[in-house]
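**Q** My structure is in upload-v4.txt, and what it holds is compact mmCIF, C-alpha atoms:
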```
# COMPACT_ATOMS: atom_id res chain seq x y z
CA MET A 686 -11.82 -23.86 -1.43
CA SER A 687 -11.93 -22.02 1.89
CA GLN A 688 -9.17 -20.09 3.58
CA GLN A 689 -8.73 -23.11 5.79
CA ASP A 690 -8.19 -25.32 2.74
CA SER A 691 -5.56 -23.01 1.27
CA GLY A 692 -3.53 -22.90 4.49
CA SER A 693 -0.68 -20.42 4.65
CA THR A 694 0.52 -21.00 1.11
CA GLY A 695 -2.17 -19.03 -0.71
CA THR A 696 -2.39 -21.73 -3.39
CA GLY A 697 -5.62 -22.95 -4.92
CA THR A 698 -7.94 -22.14 -7.78
CA ALA A 699 -7.70 -18.79 -9.53
CA GLU A 700 -11.11 -17.92 -8.08
CA HIS A 701 -9.66 -18.11 -4.59
CA ALA A 702 -6.16 -16.85 -5.27
CA PRO A 703 -5.08 -14.23 -2.73
CA ILE A 704 -6.00 -10.64 -3.62
CA VAL A 705 -2.93 -8.60 -4.56
CA LEU A 706 -3.15 -5.30 -2.73
CA ASP A 707 -2.72 -2.16 -4.81
CA THR A 708 0.31 -0.56 -3.17
CA ALA A 709 -0.66 2.85 -4.59
CA GLY A 710 -4.02 2.75 -2.80
CA VAL A 711 -5.94 4.05 -5.82
CA ASP A 712 -9.29 2.61 -4.65
CA ILE A 713 -8.97 1.65 -1.01
CA GLN A 714 -12.69 1.35 -0.29
CA GLY A 715 -13.45 -0.59 -3.47
CA GLU A 716 -10.58 -2.96 -2.80
CA SER A 717 -11.62 -3.31 0.85
CA ALA A 718 -15.14 -4.25 -0.23
CA ARG A 719 -13.75 -6.95 -2.53
CA ILE A 720 -11.62 -8.34 0.30
CA ARG A 721 -14.59 -8.34 2.68
CA LEU A 722 -16.64 -10.34 0.18
CA ARG A 723 -14.12 -13.20 0.56
CA GLY A 724 -15.08 -13.53 4.22
CA PRO A 725 -13.88 -12.17 7.56
CA ILE A 726 -10.40 -13.66 7.09
CA THR A 727 -8.76 -14.07 3.70
CA GLN A 728 -5.28 -14.02 2.24
CA VAL A 729 -3.84 -11.00 0.47
CA VAL A 730 -0.50 -10.31 -1.16
CA LEU A 731 1.63 -7.48 0.23
CA PRO A 732 4.51 -5.76 -1.62
CA GLY A 733 7.26 -8.21 -2.51
CA ASP A 734 4.76 -11.10 -2.90
CA VAL A 735 4.55 -11.47 0.88
CA LEU A 736 1.39 -13.21 2.08
CA ALA A 737 -0.75 -12.07 4.99
CA TRP A 738 -4.22 -12.79 6.34
CA SER A 739 -6.47 -9.74 5.95
CA VAL A 740 -9.05 -9.46 8.73
CA THR A 741 -12.00 -7.24 7.84
CA ASP A 742 -14.60 -8.27 10.42
CA THR A 743 -14.95 -5.99 13.45
CA ALA A 744 -15.77 -8.76 15.92
CA VAL A 745 -12.87 -10.93 14.76
CA LEU A 746 -10.45 -8.00 14.95
CA ARG A 747 -11.54 -7.22 18.50
CA ARG A 748 -10.87 -10.83 19.47
CA LEU A 749 -7.46 -10.87 17.81
CA PHE A 750 -6.45 -7.53 19.37
CA THR A 751 -7.05 -8.92 22.87
CA ASP A 752 -5.68 -12.43 22.26
CA SER A 753 -2.28 -13.12 23.84
CA ARG A 754 -1.65 -15.59 21.00
CA VAL A 755 -1.35 -12.67 18.59
CA SER A 756 1.96 -10.79 18.53
CA LYS A 757 3.47 -7.78 16.74
CA ASP A 758 7.03 -9.03 17.18
CA ALA A 759 8.30 -10.32 13.82
CA ARG A 760 11.59 -11.54 15.29
CA GLN A 761 9.84 -13.85 17.70
CA HIS A 762 6.74 -14.90 15.82
CA TRP A 763 6.89 -14.43 12.04
CA THR A 764 8.14 -17.63 10.44
CA ALA A 765 8.93 -16.07 7.05
CA PHE A 766 10.93 -13.31 8.72
CA ASN A 767 12.98 -15.71 10.81
CA ASN A 768 13.57 -18.06 7.87
CA GLY A 769 15.19 -15.27 5.89
CA GLU A 770 12.34 -15.08 3.38
CA ILE A 771 11.83 -11.34 4.00
CA PRO A 772 14.71 -9.47 2.33
CA ALA A 773 16.54 -6.60 3.98
CA ASP A 774 15.17 -4.19 1.37
CA TRP A 775 11.52 -5.28 1.75
CA PRO A 776 9.47 -2.06 1.45
CA LEU A 777 7.60 -2.65 4.71
CA ARG A 778 10.55 -3.85 6.76
CA SER A 779 10.66 -0.63 8.79
CA TRP A 780 7.08 -1.38 9.88
CA VAL A 781 8.09 -4.67 11.49
CA GLY A 782 11.82 -4.38 12.23
CA VAL A 783 11.88 -1.42 14.62
CA ASP A 784 12.35 -1.64 18.39
CA ASN A 785 9.47 0.21 20.01
CA MET A 786 6.08 -0.45 21.56
CA PHE A 787 4.48 -0.75 18.10
CA THR A 788 6.32 -4.03 17.47
CA ALA A 789 6.81 -5.25 21.05
CA TYR A 790 5.02 -8.23 22.59
CA GLY A 791 3.92 -9.08 26.10
CA ALA A 792 6.10 -7.77 28.93
CA GLU A 793 8.34 -5.85 26.52
CA HIS A 794 5.34 -3.99 25.15
CA ARG A 795 4.12 -3.15 28.65
CA ARG A 796 7.60 -1.86 29.59
CA LEU A 797 7.87 0.45 26.59
CA ARG A 798 4.28 1.66 26.73
CA LYS A 799 4.68 2.52 30.41
CA LEU A 800 7.59 4.83 29.56
CA VAL A 801 5.60 6.71 26.90
CA SER A 802 2.17 6.79 28.56
CA PRO A 803 2.86 9.81 30.83
CA ALA A 804 3.23 12.00 27.73
CA PHE A 805 -0.38 11.25 26.72
CA THR A 806 -2.27 11.55 30.01
CA HIS A 807 -5.58 13.40 30.02
CA ARG A 808 -3.98 16.30 31.86
CA ARG A 809 -1.14 16.66 29.39
CA THR A 810 -3.48 16.27 26.42
CA MET A 811 -5.81 18.99 27.68
CA ALA A 812 -2.81 21.20 28.41
CA MET A 813 -2.17 21.18 24.65
CA ARG A 814 -5.52 22.84 23.97
CA PRO A 815 -4.24 26.46 23.96
CA ARG A 816 -1.40 25.55 21.59
CA ILE A 817 -3.76 23.68 19.25
CA GLU A 818 -6.04 26.71 19.20
CA ALA A 819 -3.10 29.05 18.57
CA ILE A 820 -1.72 26.88 15.76
CA THR A 821 -5.17 26.65 14.19
CA THR A 822 -5.69 30.41 14.39
CA ASP A 823 -2.27 31.09 12.87
CA LEU A 824 -2.97 28.82 9.90
CA LEU A 825 -6.44 30.29 9.39
CA ASP A 826 -4.93 33.78 9.43
CA GLN A 827 -2.53 32.70 6.70
CA LEU A 828 -5.40 31.29 4.64
CA SER A 829 -7.40 34.50 5.16
CA ALA A 830 -4.65 36.46 3.44
CA ILE A 831 -5.17 34.54 0.19
CA PRO A 832 -7.11 36.55 -2.42
CA PRO A 833 -10.82 35.61 -2.62
CA GLY A 834 -11.69 33.20 -5.41
CA THR A 835 -8.28 31.52 -5.35
CA ALA A 836 -8.29 27.73 -5.27
CA VAL A 837 -6.39 26.54 -2.20
CA ASP A 838 -5.02 23.10 -1.33
CA LEU A 839 -6.50 22.75 2.15
CA ARG A 840 -4.50 19.61 2.90
CA LYS A 841 -1.25 21.50 2.35
CA GLY A 842 -2.45 24.67 4.04
CA PHE A 843 -4.44 23.31 6.98
CA THR A 844 -5.21 19.62 7.51
CA TYR A 845 -1.53 18.64 7.29
CA PRO A 846 0.19 21.48 9.20
CA VAL A 847 -2.18 21.46 12.20
CA PRO A 848 -1.23 17.96 13.44
CA ILE A 849 2.40 18.08 12.29
CA ARG A 850 2.98 21.29 14.24
CA VAL A 851 1.18 19.90 17.29
CA ILE A 852 3.19 16.67 17.38
CA SER A 853 6.44 18.52 16.63
CA GLU A 854 5.91 20.73 19.68
CA LEU A 855 4.98 17.73 21.81
CA ILE A 856 8.14 15.92 20.68
CA GLY A 857 10.32 19.02 20.91
CA VAL A 858 11.47 19.17 17.28
CA PRO A 859 13.59 22.32 16.71
CA ASN A 860 12.99 24.43 13.61
CA HIS A 861 16.25 23.43 11.92
CA LEU A 862 15.22 19.75 11.86
CA ALA A 863 11.49 20.11 11.21
CA ALA A 864 11.31 20.27 7.40
CA ALA A 865 13.70 17.38 6.75
CA LEU A 866 12.06 15.21 9.39
CA HIS A 867 8.55 15.87 8.07
CA ALA A 868 9.66 14.93 4.54
CA ARG A 869 10.98 11.57 5.78
CA VAL A 870 7.74 10.88 7.64
CA ASP A 871 5.74 11.50 4.45
CA ARG A 872 7.90 9.04 2.52
CA PHE A 873 7.46 6.47 5.29
CA PHE A 874 3.76 6.17 4.41
CA ASP A 875 4.28 6.20 0.63
CA THR A 876 3.98 2.55 -0.39
CA SER A 877 3.69 3.08 -4.15
CA ASP A 878 6.38 1.61 -6.36
CA THR A 879 7.96 4.89 -7.42
CA GLY A 880 11.64 4.10 -7.09
CA LYS A 881 11.89 5.41 -3.54
CA ASP A 882 14.22 3.48 -1.24
CA PRO A 883 12.33 2.82 2.03
CA VAL A 884 15.45 1.51 3.75
CA ALA A 885 17.40 4.67 2.90
CA ASN A 886 14.47 6.75 4.08
CA TYR A 887 14.38 4.88 7.40
CA LEU A 888 18.12 5.41 7.88
CA ASP A 889 17.75 9.13 7.08
CA MET A 890 14.90 9.41 9.55
CA TYR A 891 16.90 7.51 12.18
CA ARG A 892 19.79 9.93 11.68
CA LEU A 893 17.55 12.98 12.03
CA VAL A 894 15.90 11.68 15.19
CA SER A 895 19.36 10.93 16.59
CA GLU A 896 20.21 14.58 15.94
CA LEU A 897 17.01 15.52 17.76
CA VAL A 898 18.08 13.48 20.78
CA THR A 899 21.54 15.08 20.75
CA TYR A 900 19.94 18.54 20.54
CA ARG A 901 17.57 17.89 23.44
CA ARG A 902 20.39 16.51 25.58
CA ALA A 903 22.04 19.91 25.24
CA GLU A 904 18.79 21.91 25.25
CA PRO A 905 16.23 19.99 27.36
CA GLY A 906 12.65 21.22 27.47
CA ASP A 907 9.15 20.20 28.49
CA ASP A 908 8.77 17.67 25.70
CA ILE A 909 8.71 13.92 25.11
CA THR A 910 12.22 13.74 23.65
CA SER A 911 13.72 15.44 26.70
CA VAL A 912 11.83 13.16 29.08
CA LEU A 913 12.75 9.92 27.29
CA THR A 914 16.36 11.04 26.80
CA ALA A 915 16.67 11.79 30.50
CA THR A 916 15.20 8.38 31.29
CA TYR A 917 17.77 6.70 29.07
CA ASP A 918 20.69 8.74 30.43
CA GLU A 919 19.71 8.18 34.07
CA ASP A 920 18.91 4.50 33.79
CA GLY A 921 19.98 2.73 30.60
CA THR A 922 18.33 -0.48 31.82
CA GLN A 923 14.86 0.90 31.08
CA LEU A 924 15.49 1.87 27.48
CA THR A 925 18.15 1.10 24.89
CA GLU A 926 19.44 3.75 22.51
CA LYS A 927 17.70 2.09 19.55
CA GLU A 928 14.44 1.79 21.49
CA LEU A 929 14.71 5.48 22.31
CA ILE A 930 15.18 6.49 18.66
CA ASP A 931 12.58 4.06 17.29
CA THR A 932 10.03 5.14 19.90
CA LEU A 933 10.43 8.79 18.93
CA MET A 934 10.14 7.83 15.25
CA LEU A 935 6.88 6.04 16.03
CA ILE A 936 5.40 9.00 17.90
CA ILE A 937 6.38 11.47 15.19
CA SER A 938 4.95 9.39 12.34
CA ALA A 939 1.87 7.84 13.96
CA GLY A 940 1.27 11.02 15.95
CA HIS A 941 0.23 13.06 12.97
CA GLU A 942 -0.75 10.87 9.99
CA THR A 943 -4.05 9.69 11.48
CA THR A 944 -5.07 13.24 12.36
CA VAL A 945 -4.09 14.63 8.94
CA ASN A 946 -6.38 12.13 7.21
CA LEU A 947 -9.12 12.56 9.81
CA LEU A 948 -9.25 16.33 9.20
CA ASP A 949 -8.97 15.83 5.43
CA HIS A 950 -11.85 13.36 5.19
CA ALA A 951 -14.04 15.24 7.67
CA VAL A 952 -13.81 18.42 5.60
CA PHE A 953 -14.43 16.52 2.37
CA ALA A 954 -17.41 14.65 3.83
CA LEU A 955 -19.08 17.83 5.08
CA LEU A 956 -18.50 19.64 1.79
CA THR A 957 -20.11 16.78 -0.12
CA HIS A 958 -22.99 16.32 2.37
CA PRO A 959 -24.45 19.83 2.75
CA GLU A 960 -27.45 18.72 4.80
CA GLN A 961 -25.18 17.16 7.43
CA ARG A 962 -22.91 20.20 7.32
CA ALA A 963 -25.98 22.30 8.12
CA ASP A 964 -26.92 19.96 10.98
CA VAL A 965 -23.58 20.36 12.72
CA LEU A 966 -23.25 24.10 12.05
CA GLN A 967 -26.75 24.70 13.41
CA GLY A 968 -26.16 22.55 16.50
CA ARG A 969 -28.36 19.60 15.65
CA SER A 970 -25.29 17.38 15.72
CA SER A 971 -21.94 17.79 17.43
CA TRP A 972 -18.41 17.99 16.09
CA ALA A 973 -17.74 14.79 18.06
CA ASP A 974 -20.38 13.14 15.84
CA VAL A 975 -18.50 14.34 12.76
CA VAL A 976 -15.19 13.06 14.10
CA GLU A 977 -16.42 9.59 15.04
CA GLU A 978 -18.36 9.06 11.82
CA THR A 979 -15.37 10.18 9.78
CA LEU A 980 -13.12 7.75 11.64
CA ARG A 981 -15.58 4.97 10.85
CA TYR A 982 -16.40 5.95 7.28
CA GLN A 983 -12.83 6.61 6.15
CA ALA A 984 -10.41 4.92 8.53
CA PRO A 985 -7.30 7.16 8.41
CA ILE A 986 -5.11 4.05 8.37
CA ALA A 987 -6.59 1.61 5.87
CA HIS A 988 -4.40 -1.45 6.54
CA LEU A 989 -1.96 -1.76 9.44
CA PRO A 990 1.02 -4.13 9.11
CA LEU A 991 1.52 -6.51 10.86
CA ARG A 992 0.58 -8.99 13.55
CA PHE A 993 1.58 -12.65 13.81
CA ALA A 994 0.01 -15.87 15.05
CA VAL A 995 1.97 -17.14 18.07
CA GLU A 996 0.24 -20.49 17.62
CA ASP A 997 -2.45 -21.91 15.34
CA LEU A 998 -5.57 -19.74 15.57
CA ASP A 999 -8.97 -21.30 14.86
CA ILE A 1000 -11.61 -18.58 14.46
CA ASP A 1001 -15.17 -19.23 13.30
CA GLY A 1002 -14.11 -22.06 11.03
CA PHE A 1003 -11.01 -20.29 9.71
CA ARG A 1004 -7.45 -21.19 10.61
CA ILE A 1005 -4.48 -18.83 10.72
CA PRO A 1006 -1.43 -21.09 11.07
CA LYS A 1007 1.26 -20.41 13.63
CA GLY A 1008 3.87 -17.97 12.36
CA ASP A 1009 1.67 -16.42 9.67
CA ALA A 1010 1.28 -12.65 9.22
CA ILE A 1011 -2.01 -10.85 9.93
CA LEU A 1012 -3.09 -7.53 8.40
CA ALA A 1013 -5.67 -5.46 10.28
CA SER A 1014 -7.86 -3.96 7.55
CA PHE A 1015 -9.45 -0.98 9.29
CA ALA A 1016 -10.99 0.55 6.15
CA ALA A 1017 -13.03 -2.60 5.55
CA ALA A 1018 -13.92 -3.03 9.24
CA GLY A 1019 -15.21 0.55 9.40
CA ARG A 1020 -17.86 -0.38 6.86
CA ASP A 1021 -18.69 -3.76 8.36
CA PRO A 1022 -22.41 -4.28 7.60
CA HIS A 1023 -22.73 -6.62 10.59
CA VAL A 1024 -22.07 -3.61 12.84
CA HIS A 1025 -23.19 -0.60 10.82
CA GLY A 1026 -26.04 -2.06 8.76
CA PRO A 1027 -26.72 -2.26 5.02
CA ASN A 1028 -25.98 1.47 4.57
CA ALA A 1029 -22.47 1.20 6.03
CA ASP A 1030 -21.07 2.75 2.85
CA ASP A 1031 -22.95 6.00 3.54
CA PHE A 1032 -21.59 8.93 5.54
CA ASP A 1033 -24.11 9.67 8.30
CA ILE A 1034 -23.22 11.68 11.43
CA HIS A 1035 -26.55 10.56 12.95
CA ARG A 1036 -25.52 6.88 12.76
CA PRO A 1037 -25.97 5.25 16.22
CA THR A 1038 -22.99 2.91 15.70
CA LYS A 1039 -20.51 5.57 14.51
CA ASP A 1040 -18.29 5.23 17.59
CA GLN A 1041 -18.04 1.44 17.22
CA HIS A 1042 -15.02 1.66 14.94
CA LEU A 1043 -11.48 0.39 15.43
CA SER A 1044 -9.58 3.24 13.78
CA PHE A 1045 -7.45 3.77 16.88
CA GLY A 1046 -7.00 0.05 17.47
CA HIS A 1047 -8.20 -1.96 20.44
CA GLY A 1048 -6.73 -3.76 23.41
CA ALA A 1049 -3.09 -3.50 24.46
CA HIS A 1050 -2.07 -1.59 21.33
CA HIS A 1051 -4.89 0.97 21.41
CA CYS A 1052 -3.42 4.27 20.23
CA LEU A 1053 -2.11 6.39 23.11
CA GLY A 1054 -2.61 9.52 21.04
CA ALA A 1055 -6.31 8.96 20.29
CA PRO A 1056 -7.54 11.62 22.77
CA LEU A 1057 -5.10 14.15 21.30
CA ALA A 1058 -6.22 13.40 17.73
CA ARG A 1059 -9.86 13.81 18.73
CA LEU A 1060 -9.11 17.07 20.53
CA GLU A 1061 -7.26 18.48 17.51
CA ALA A 1062 -10.15 17.62 15.20
CA GLN A 1063 -12.82 18.98 17.54
CA LEU A 1064 -10.95 22.29 17.76
CA ALA A 1065 -9.67 22.68 14.19
CA LEU A 1066 -12.83 21.73 12.29
CA PRO A 1067 -15.29 24.19 13.88
CA ALA A 1068 -12.67 26.94 13.69
CA LEU A 1069 -12.21 26.31 9.96
CA PHE A 1070 -15.93 26.40 9.15
CA ALA A 1071 -16.49 29.42 11.40
CA ARG A 1072 -13.75 31.36 9.61
CA PHE A 1073 -14.87 30.28 6.14
CA PRO A 1074 -18.64 29.66 6.22
CA LYS A 1075 -18.78 29.58 2.40
CA LEU A 1076 -16.04 26.95 2.08
CA THR A 1077 -16.62 24.82 -1.01
CA LEU A 1078 -14.74 22.28 -3.11
CA ALA A 1079 -12.78 23.65 -6.05
CA ALA A 1080 -12.84 20.37 -7.99
CA ASP A 1081 -15.19 17.56 -8.89
CA PRO A 1082 -15.08 15.09 -5.98
CA ALA A 1083 -14.53 12.26 -8.46
CA ASP A 1084 -11.35 13.94 -9.69
CA LEU A 1085 -9.59 13.96 -6.31
CA ARG A 1086 -6.75 11.47 -5.98
CA PRO A 1087 -5.60 9.56 -2.89
CA VAL A 1088 -2.18 9.65 -1.31
CA SER A 1089 0.14 6.99 -2.75
CA SER A 1090 -0.31 4.40 -0.03
CA PHE A 1091 -2.33 1.33 0.86
CA ILE A 1092 -1.66 2.13 4.53
CA SER A 1093 -2.46 5.84 4.79
CA ASN A 1094 -5.95 6.82 3.62
CA GLY A 1095 -6.30 10.45 2.57
CA HIS A 1096 -6.37 12.80 -0.41
CA SER A 1097 -3.14 13.90 -2.05
CA ARG A 1098 -4.74 17.34 -2.48
CA LEU A 1099 -7.93 18.91 -1.17
CA PRO A 1100 -8.63 21.91 -3.43
CA VAL A 1101 -11.20 24.37 -2.04
CA TYR A 1102 -12.46 27.90 -2.45
CA LEU A 1103 -12.41 29.61 0.92
CA CYS A 1104 -15.15 31.87 -0.41
CA ARG A 1105 -17.30 30.93 -3.39
CA PRO A 1106 -15.90 32.65 -6.48
```
Output the file's structure in the form of structure tokens.

**A**
Amino acid sequence: MSQQDSGSTGTGTAEHAPIVLDTAGVDIQGESARIRLRGPITQVVLPGDVLAWSVTDTAVLRRLFTDSRVSKDARQHWTAFNNGEIPADWPLRSWVGVDNMFTAYGAEHRRLRKLVSPAFTHRRTMAMRPRIEAITTDLLDQLSAIPPGTAVDLRKGFTYPVPIRVISELIGVPNHLAAALHARVDRFFDTSDTGKDPVANYLDMYRLVSELVTYRRAEPGDDITSVLTATYDEDGTQLTEKELIDTLMLIISAGHETTVNLLDHAVFALLTHPEQRADVLQGRSSWADVVEETLRYQAPIAHLPLRFAVEDLDIDGFRIPKGDAILASFAAAGRDPHVHGPNADDFDIHRPTKDQHLSFGHGAHHCLGAPLARLEAQLALPALFARFPKLTLAADPADLRPVSSFISNGHSRLPVYLCRP
């Protein structure tokens, strides 16, 4: 039975039953490979027994990302959502029920994106360079103070705080809100079934961002919150209060998670591939090569919920019925053998196709912050290896565990020795 035979119900023989995604993300690449073996489009089961079509093929994803018949607006185009089949406490509801450019469609998406785009121009991105360098230096100084031979969690001490501090400054998050807000963002990406209440977390995050808006109304600065708040206050027709809050929530969360995992996996890959580490440190390859191959090899966002078929979609013999949900599976697409060859599962900074990944999306929803993420990585990584040329893992690579998420793709800890003991 093909995907076309099973329709949107996911019924059929056990051999072709939809793959139930592991919400804890224990083996994202192994699971992605199993999904890819089913074909470029196949059904999977999301938390709460919600069905979606996983798309793992790069060419098909590119087509879907530029097709006006594909939407991100659940309220308009997801049949199960509109029929009341998706409960209010569904763990991923905050991924589809917010009001910002991430979930907007057509003219609404263009309106919201236009308001945010000025914050991510090339000029403004490059203007962040001195602050990125200063933040990186400060964190490296703190690491340098740790006694030699001590095992250090580099994710906690470096790959996480670099991007979270950068995006917090860009957003204008004051110190008194930073810790609580960062904790809510972390829980937003945790999709494991650990008793956490995602709805309560969303409401807490909404409250904190509302406090941020109130603070920046009283204390405006040269930051995104101040600019968007002024836009709302001066002309409420351009932006509603909920759109304002949800947009800031999107920038805060999406603005750092990709970069955290990019830095994490780039460090890990170089520490486990010493010959390629030598190539980049001796100038035979560039840090841009490292960044692009890392984005391909370990997509920082493994699966991105959700898109929806505005009408029946017939693609290469597969049908996605109107109103069905679509899951972009970036981890699988990054290792697409049709694009990257039979050795797509290997990390190789010399790979000629390394920049042909979709880790920042494609088309209308291509990530506005992609240039900033690349800049952060191309500054932070060489600074780290220059400061600690004897950096080495402090654990067996096989013993490292992922973050508890099928969306976010990174290590929960990255233990290293800054100097070999």

**Q** With all atoms listed in the file as the atoms that count, which of A:Phe805, A:Trp775, A:Tyr917, A:Tyr1102 lies nearest to Val735 of chain A?

**A**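 Selected residue with least distance to Val735 of chain A: A:Trp775.
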
**Q** Could you tell me which of A:Arg969, A:His1023, A:Arg1072, A:Lys841 comes closest to Val745 of chain A if we count only C-alpha atoms?

**A**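 Going through A:Arg969, A:His1023, A:Arg1072, A:Lys841 one by one, the smallest distance to Val745 of chain A is for A:His1023.
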
**Q** Put a box with edges along x, y and z around all the listed atoms of segment 892-904 of chain A, pad it by 8 Å on each side, then give me its centre and sizes in Å, one decimal, as lines of an AutoDock Vina configuration file.

**A**
```
center_x = 19.0
center_y = 15.9
center_z = 18.6
size_x = 22.1
size_y = 28.0
size_z = 29.9
```

**Q** Show me the residues close to (1.3, 6.3, -7.4) - anything with an atom within 6 Å, counting only C-alpha atoms - and format the list as a ChimeraX atom specification.

**A** /A:709,877,1089

**Q** Tell me which protein, DNA and RNA residues are within 12 Å of Val851 of chain A, counting all atoms listed in the file, leaving out same-chain ones fewer than 4 positions away, and put them as an MDAnalysis selection string.

**A** chainID A and resid 810 812:821 844:847 855:858 863 908 936:937 940:942 944:945 1054 1057:1058 1060:1062 1065

**Q** So which one's closest to His794 of chain A, A:His1096, A:Arg721, A:Arg902, A:His1051? Using only C-alpha atoms, please.

**A**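 Going through A:His1096, A:Arg721, A:Arg902, A:His1051 one by one, the smallest distance to His794 of chain A is for A:His1051.
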
**Q** Of the candidates A:Thr876, A:Ser1044, A:Thr914, A:Thr943, which shows the shortest atom-to-atom distance to Pro776 of chain A, using all atoms listed in the file?

**A**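 So, comparing all the options, the nearest one is A:Thr876.
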
**Q** Anything within 12 Å of (-19.6, 23.6, 11.2): list those residues as a PyMOL selection string, counting all atoms listed in the file and sticking to the file's coordinates.

**A** chain A and resi 951-952+954-956+958-976+1062-1076

**Q** For atom CA of Leu1099 of chain A and atom CA of Leu731 of chain A, quote the distance in Å rounded to one decimal.

**A**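 Between atom CA of Leu1099 of chain A and atom CA of Leu731 of chain A the gap works out to 28.1 Å.
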